[in-house]
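A short write-up of the structure that comes next.
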Amino acid sequence: MTERKALLILHGKQALNEDVRTAVEDKRAGGWHIAVRVTWEAGDAQRLVTEALAAGYLHLIAGGGDGTLREVAQAMAEAGTEATLALLPLGTANDFARAAEVSLEPGAALALLDLPASAIDLGRVGGQMFLNMATGGFGSQVTANTSEDLKKVLGGAAYLFTGLSRFSELRSAYGEFHGPDFQWQGEMLALGIGNGRQAGGGHVLCPQAVADDGLLDVSILPAPTELVGTLKDLLAGGLGLDRMFVRARLPWVEIKSSQGLDINLDGEPLQGDSLRFEALPRAIRVHLPAHSPLLSHRG
């Protein structure tokens with residue numbers, strides 16, 4: 001097997017994407033052998049990763065949104081492989097790719113295969129892993145309730161539209177947080193536990209997160225007393241909202257909530273009243289731009 005051989009795991013909705021076809025053909029013309037497999041139903045991405053590794057592929061490409069990326073990354077990490085991962089961002093939000101400054105243009109994204117891969121972390125909660133972010137509170141409700149049809153029409157703006165339309169449903173949740181030298185408890189409006197920086201179509205929750213420091217960035221938005229009125233004022237004022245966050249950078253954090261928490265892991269729903277999040281250092285090797293803001297040692 002030559003080193004310039006890769007398997008593209010492509011989300012089924014992108015099977016007829018002509019830009020992807022052109023990018024793959026250009027890469028083949030440049031000397032790469034790229035095979036393509038398309039997902040059809042739940043579990044396909046994990047199965048295709050297993051088959052690719054068994055066949056000896058040294059490079060995999062995740063073609064889809066943040067959910068596809070999470071599934072492929074988890075399957076690779078569980079396999080303990082030295083194979084590398086390239087991102088072909090084709091989703092609505094593409095939050096991890098945008099934060100990492102991976103091009104949304106297929107040809108430019110596949111060009112990263114020619115750059116060295118960087119070892120980066122994954123997050124884990126229970127038996128599930130995530131590459132980008134775990135979110136809770138109103139933001140995760142918006143992400144979960146944004147319809148696929150609306151995303152087709154509005155793209156990333158669909159999340160904002162849904163959020164504004166559901167503003168009257170704003171509710172806080174109580175949580176108790178415990179980590180190394182970190183304690184916080186109280187009512188919160190939103191939560192981000194990030195390996196990446198943004199979620200929900202561009203909402204930056206963990207602005208200083210890097211993906212290769214062995215730590216998770218925790219961002220908690222406490223609920224103001226006058227919930228809706230205060231938040232409307234803060235949102236109108238822009239930066240005022242950012243100053244309200246409680247932030248920490250931790251190898252692990254435990255959260256307890258008697259009411260239960262609804263968490264979104266890169267598009268995958270999770271619920272529980274006692275959750276432990278931890279960083280898995282250097283769990284996977286990914287082709288990112290040398291200048292990527294998510295790398296602590298750029299270039």
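In the structure tokens, the first chain shown is A, the next is B, and so on; residue numbers restart at 1 for each chain, and ligands run from 1 in the order shown.
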What are the closest atom pairs, with distances in Å to one decimal, for all residues of range 47-68 of chain A lying within 12 Å of range 255-266 of chain A? Consider only C-alpha atoms, order rows by chain and residue number, and present the result as a tab-separated table.
```
residue	atom	partner	partner_atom	distance
A:Gly65	CA	A:Asp266	CA	9.0
A:Asp66	CA	A:Asp266	CA	5.7
A:Gly67	CA	A:Asp266	CA	5.4
A:Thr68	CA	A:Asp266	CA	8.9
```
May I have the residues from that selection written out with N, CA, C and O atoms, as a compact mmCIF listing (two decimals), in the first residue's frame?
```
# COMPACT_ATOMS: atom_id res chain seq x y z
N GLY A 65 -20.83 16.87 8.32
CA GLY A 65 -20.87 17.90 9.35
C GLY A 65 -20.17 17.47 10.61
O GLY A 65 -19.44 16.47 10.65
N ASP A 66 -20.41 18.22 11.69
CA ASP A 66 -19.76 17.93 12.97
C ASP A 66 -20.13 16.55 13.49
O ASP A 66 -19.32 15.88 14.14
N GLY A 67 -21.37 16.09 13.22
CA GLY A 67 -21.78 14.78 13.69
C GLY A 67 -21.01 13.66 13.00
O GLY A 67 -20.57 12.70 13.65
N THR A 68 -20.82 13.77 11.69
CA THR A 68 -20.04 12.78 10.95
C THR A 68 -18.61 12.76 11.45
O THR A 68 -18.01 11.69 11.65
```
(message) Give me, as a list in words, all polymer residues having an atom no more than 6 Å from Leu88 in chain A, counting only C-alpha atoms and skipping those fewer than 2 positions away in the same chain.
(response) Ala62, Gly63 and Ala109 of chain A
(request) Extract the full set of strand (DSSP E) residues from range 2-210 of chain A according to DSSP on the backbone, and format it as a ChimeraX atom specification. (result) /A:5-10,33-38,59-64,84-89,118-125,128-130,133-137,173-179,182-194,198-199,203-204
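The shortest atom-to-atom distance to Gly136 in chain A, with only C-alpha atoms taken into account, belongs to A:Gly192 out of A:Pro293, A:Gly175, A:Gly201, A:Gly192.
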I'd like the neighbourhood of Phe177 in chain A as a PDB file with C-alpha atoms, in the first residue's frame, where a residue qualifies if any of its atoms comes within 7 Å (using only C-alpha atoms), though same-chain residues fewer than 6 positions away should be ignored.
```
ATOM      1  CA  GLN A 183     -15.986  24.426  42.268  1.00  0.00           C
ATOM      2  CA  TRP A 184     -19.122  26.201  41.060  1.00  0.00           C
ATOM      3  CA  GLN A 185     -22.826  25.732  41.631  1.00  0.00           C
ATOM      4  CA  VAL A 253     -15.025  18.045  35.396  1.00  0.00           C
ATOM      5  CA  GLU A 254     -18.024  16.396  37.057  1.00  0.00           C
ATOM      6  CA  ILE A 255     -21.515  17.873  36.870  1.00  0.00           C
ATOM      7  CA  LYS A 256     -24.484  16.966  39.025  1.00  0.00           C
TER       8      LYS A 256
END
```
(message) Using Å and a single decimal, report how far CA of His59 in chain A sits from CA of Gln46 in chain A.
(response)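 According to the coordinates, CA of Gln46 in chain A and CA of His59 in chain A are separated by 15.0 Å.
Reported to one decimal place, the separation of CA of Thr39 in chain A from CA of His11 in chain A is 5.2 Å.
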(request) Please provide as number ranges by chain all residues within 7 Å of Ala279 in chain A, with the sequence filter that same-chain residues fewer than 3 positions apart are discarded (counting only C-alpha atoms). (result) A: 121-124, 214-216, 251-252
(request) Counting only C-alpha atoms, figure out which residue out of A:Ala86, A:Met133, A:Ala6, A:Val246 gets nearest to Leu110 in chain A. (result)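 Smallest separation from Leu110 in chain A among the options: A:Ala86.
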(request) Would you mind telling me which residue in A:Leu275, A:Leu8, A:Leu280, A:Ala75 lies nearest to Ala211 in chain A when using only C-alpha atoms? (result)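 Using only C-alpha atoms, the shortest distance to Ala211 in chain A belongs to A:Leu280.
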(request) Counting only C-alpha atoms, figure out which residue out of A:Ser219, A:Gln74, A:Gln14, A:Gln198 gets nearest to Gly127 in chain A. (result) A:Gln74
(message) At a cut-off of 10 Å, using only C-alpha atoms, what residues contact Leu53 in chain A? Leave out same-chain residues fewer than 3 positions from it and give the result as a PyMOL selection string.
(response) chain A and resi 7+48-50+56-60+76+79+81-83
(request) Identify which of the residues A:Thr84, A:Thr92, A:Ser103, A:Ser118 lies closest to His297 in chain A, counting only C-alpha atoms when measuring atom-to-atom distances. (result)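 Counting only C-alpha atoms, the residue closest to His297 in chain A is A:Ser118.
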(request) Might you pull out every residue within 10 Å of Ala134 in chain A, with only C-alpha atoms counted and same-chain residues fewer than 3 positions away left off, and present them as a VMD selection string? (result) chain A and resid 123 to 125 129 to 131 140 191 to 196 199 218 263 to 270 277
Quick one: write out the picked residues with N, CA, C and O atoms as an mmCIF file, in the first residue's frame?
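Heads up, here's the output in selection36.cif:
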```
data_model
loop_
_atom_site.group_PDB
_atom_site.id
_atom_site.type_symbol
_atom_site.label_atom_id
_atom_site.label_comp_id
_atom_site.auth_asym_id
_atom_site.auth_seq_id
_atom_site.Cartn_x
_atom_site.Cartn_y
_atom_site.Cartn_z
ATOM 1 N N GLY A 123 -12.682 14.774 23.754
ATOM 2 C CA GLY A 123 -13.390 14.774 25.023
ATOM 3 C C GLY A 123 -14.182 13.493 25.148
ATOM 4 O O GLY A 123 -14.572 12.885 24.151
ATOM 5 N N ARG A 124 -14.425 13.070 26.399
ATOM 6 C CA ARG A 124 -15.214 11.862 26.620
ATOM 7 C C ARG A 124 -16.155 12.066 27.784
ATOM 8 O O ARG A 124 -15.796 12.669 28.801
ATOM 9 N N VAL A 125 -17.376 11.583 27.635
ATOM 10 C CA VAL A 125 -18.348 11.560 28.718
ATOM 11 C C VAL A 125 -19.086 10.234 28.611
ATOM 12 O O VAL A 125 -19.632 9.898 27.551
ATOM 13 N N MET A 129 -17.480 9.939 22.884
ATOM 14 C CA MET A 129 -16.420 10.915 22.695
ATOM 15 C C MET A 129 -16.924 12.066 21.836
ATOM 16 O O MET A 129 -17.908 11.932 21.108
ATOM 17 N N PHE A 130 -16.220 13.188 21.926
ATOM 18 C CA PHE A 130 -16.556 14.319 21.067
ATOM 19 C C PHE A 130 -15.281 15.048 20.695
ATOM 20 O O PHE A 130 -14.340 15.131 21.479
ATOM 21 N N LEU A 131 -15.265 15.557 19.486
ATOM 22 C CA LEU A 131 -14.099 16.278 18.994
ATOM 23 C C LEU A 131 -14.235 17.772 19.224
ATOM 24 O O LEU A 131 -13.260 18.452 19.537
ATOM 25 N N SER A 140 -28.134 24.265 23.475
ATOM 26 C CA SER A 140 -28.283 22.893 22.992
ATOM 27 C C SER A 140 -29.726 22.614 22.592
ATOM 28 O O SER A 140 -29.991 21.843 21.681
ATOM 29 N N LEU A 191 -24.054 26.159 28.808
ATOM 30 C CA LEU A 191 -22.830 25.472 29.206
ATOM 31 C C LEU A 191 -22.103 25.022 27.948
ATOM 32 O O LEU A 191 -22.705 24.518 27.007
ATOM 33 N N GLY A 192 -20.792 25.213 27.946
ATOM 34 C CA GLY A 192 -19.954 24.678 26.886
ATOM 35 C C GLY A 192 -18.739 24.010 27.487
ATOM 36 O O GLY A 192 -18.064 24.592 28.330
ATOM 37 N N ILE A 193 -18.477 22.776 27.085
ATOM 38 C CA ILE A 193 -17.265 22.069 27.483
ATOM 39 C C ILE A 193 -16.540 21.748 26.185
ATOM 40 O O ILE A 193 -16.945 20.853 25.445
ATOM 41 N N GLY A 194 -15.503 22.520 25.906
ATOM 42 C CA GLY A 194 -14.968 22.533 24.567
ATOM 43 C C GLY A 194 -13.565 22.005 24.397
ATOM 44 O O GLY A 194 -12.663 22.293 25.177
ATOM 45 N N ASN A 195 -13.411 21.219 23.330
ATOM 46 C CA ASN A 195 -12.117 20.918 22.754
ATOM 47 C C ASN A 195 -11.903 21.884 21.595
ATOM 48 O O ASN A 195 -10.781 22.266 21.285
ATOM 49 N N GLY A 196 -13.026 22.292 20.971
ATOM 50 C CA GLY A 196 -13.050 23.370 19.996
ATOM 51 C C GLY A 196 -13.601 24.627 20.647
ATOM 52 O O GLY A 196 -13.771 24.692 21.865
ATOM 53 N N ALA A 199 -20.022 26.388 18.799
ATOM 54 C CA ALA A 199 -21.044 25.364 18.571
ATOM 55 C C ALA A 199 -22.312 26.043 18.099
ATOM 56 O O ALA A 199 -22.438 27.269 18.144
ATOM 57 N N VAL A 218 -14.047 24.853 30.039
ATOM 58 C CA VAL A 218 -15.403 24.860 30.588
ATOM 59 C C VAL A 218 -15.900 26.299 30.648
ATOM 60 O O VAL A 218 -15.240 27.165 31.223
ATOM 61 N N ILE A 263 -27.625 17.426 27.207
ATOM 62 C CA ILE A 263 -26.342 17.770 26.620
ATOM 63 C C ILE A 263 -26.357 17.416 25.138
ATOM 64 O O ILE A 263 -26.965 16.428 24.724
ATOM 65 N N ASN A 264 -25.672 18.217 24.357
ATOM 66 C CA ASN A 264 -25.527 17.953 22.934
ATOM 67 C C ASN A 264 -24.047 17.731 22.643
ATOM 68 O O ASN A 264 -23.231 18.629 22.848
ATOM 69 N N LEU A 265 -23.681 16.530 22.178
ATOM 70 C CA LEU A 265 -22.293 16.206 21.837
ATOM 71 C C LEU A 265 -22.125 16.243 20.327
ATOM 72 O O LEU A 265 -22.394 15.266 19.635
ATOM 73 N N ASP A 266 -21.725 17.386 19.795
ATOM 74 C CA ASP A 266 -21.533 17.519 18.349
ATOM 75 C C ASP A 266 -22.733 16.967 17.579
ATOM 76 O O ASP A 266 -22.591 16.270 16.567
ATOM 77 N N GLY A 267 -23.935 17.271 18.074
ATOM 78 C CA GLY A 267 -25.147 16.817 17.407
ATOM 79 C C GLY A 267 -25.769 15.567 17.999
ATOM 80 O O GLY A 267 -26.891 15.206 17.646
ATOM 81 N N GLU A 268 -25.061 14.904 18.915
ATOM 82 C CA GLU A 268 -25.580 13.678 19.536
ATOM 83 C C GLU A 268 -26.172 14.009 20.901
ATOM 84 O O GLU A 268 -25.473 14.521 21.778
ATOM 85 N N PRO A 269 -27.466 13.750 21.135
ATOM 86 C CA PRO A 269 -28.080 14.084 22.422
ATOM 87 C C PRO A 269 -27.644 13.149 23.539
ATOM 88 O O PRO A 269 -27.404 11.959 23.321
ATOM 89 N N LEU A 270 -27.526 13.707 24.730
ATOM 90 C CA LEU A 270 -27.158 12.943 25.912
ATOM 91 C C LEU A 270 -27.874 13.540 27.105
ATOM 92 O O LEU A 270 -27.971 14.767 27.216
ATOM 93 N N PHE A 277 -16.942 14.568 32.538
ATOM 94 C CA PHE A 277 -16.287 14.875 31.274
ATOM 95 C C PHE A 277 -14.777 14.844 31.500
ATOM 96 O O PHE A 277 -14.280 15.366 32.502
#
```
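If you look at CA of Lys13 in chain A and CA of Leu69 in chain A, they are 14.5 Å away from each other.
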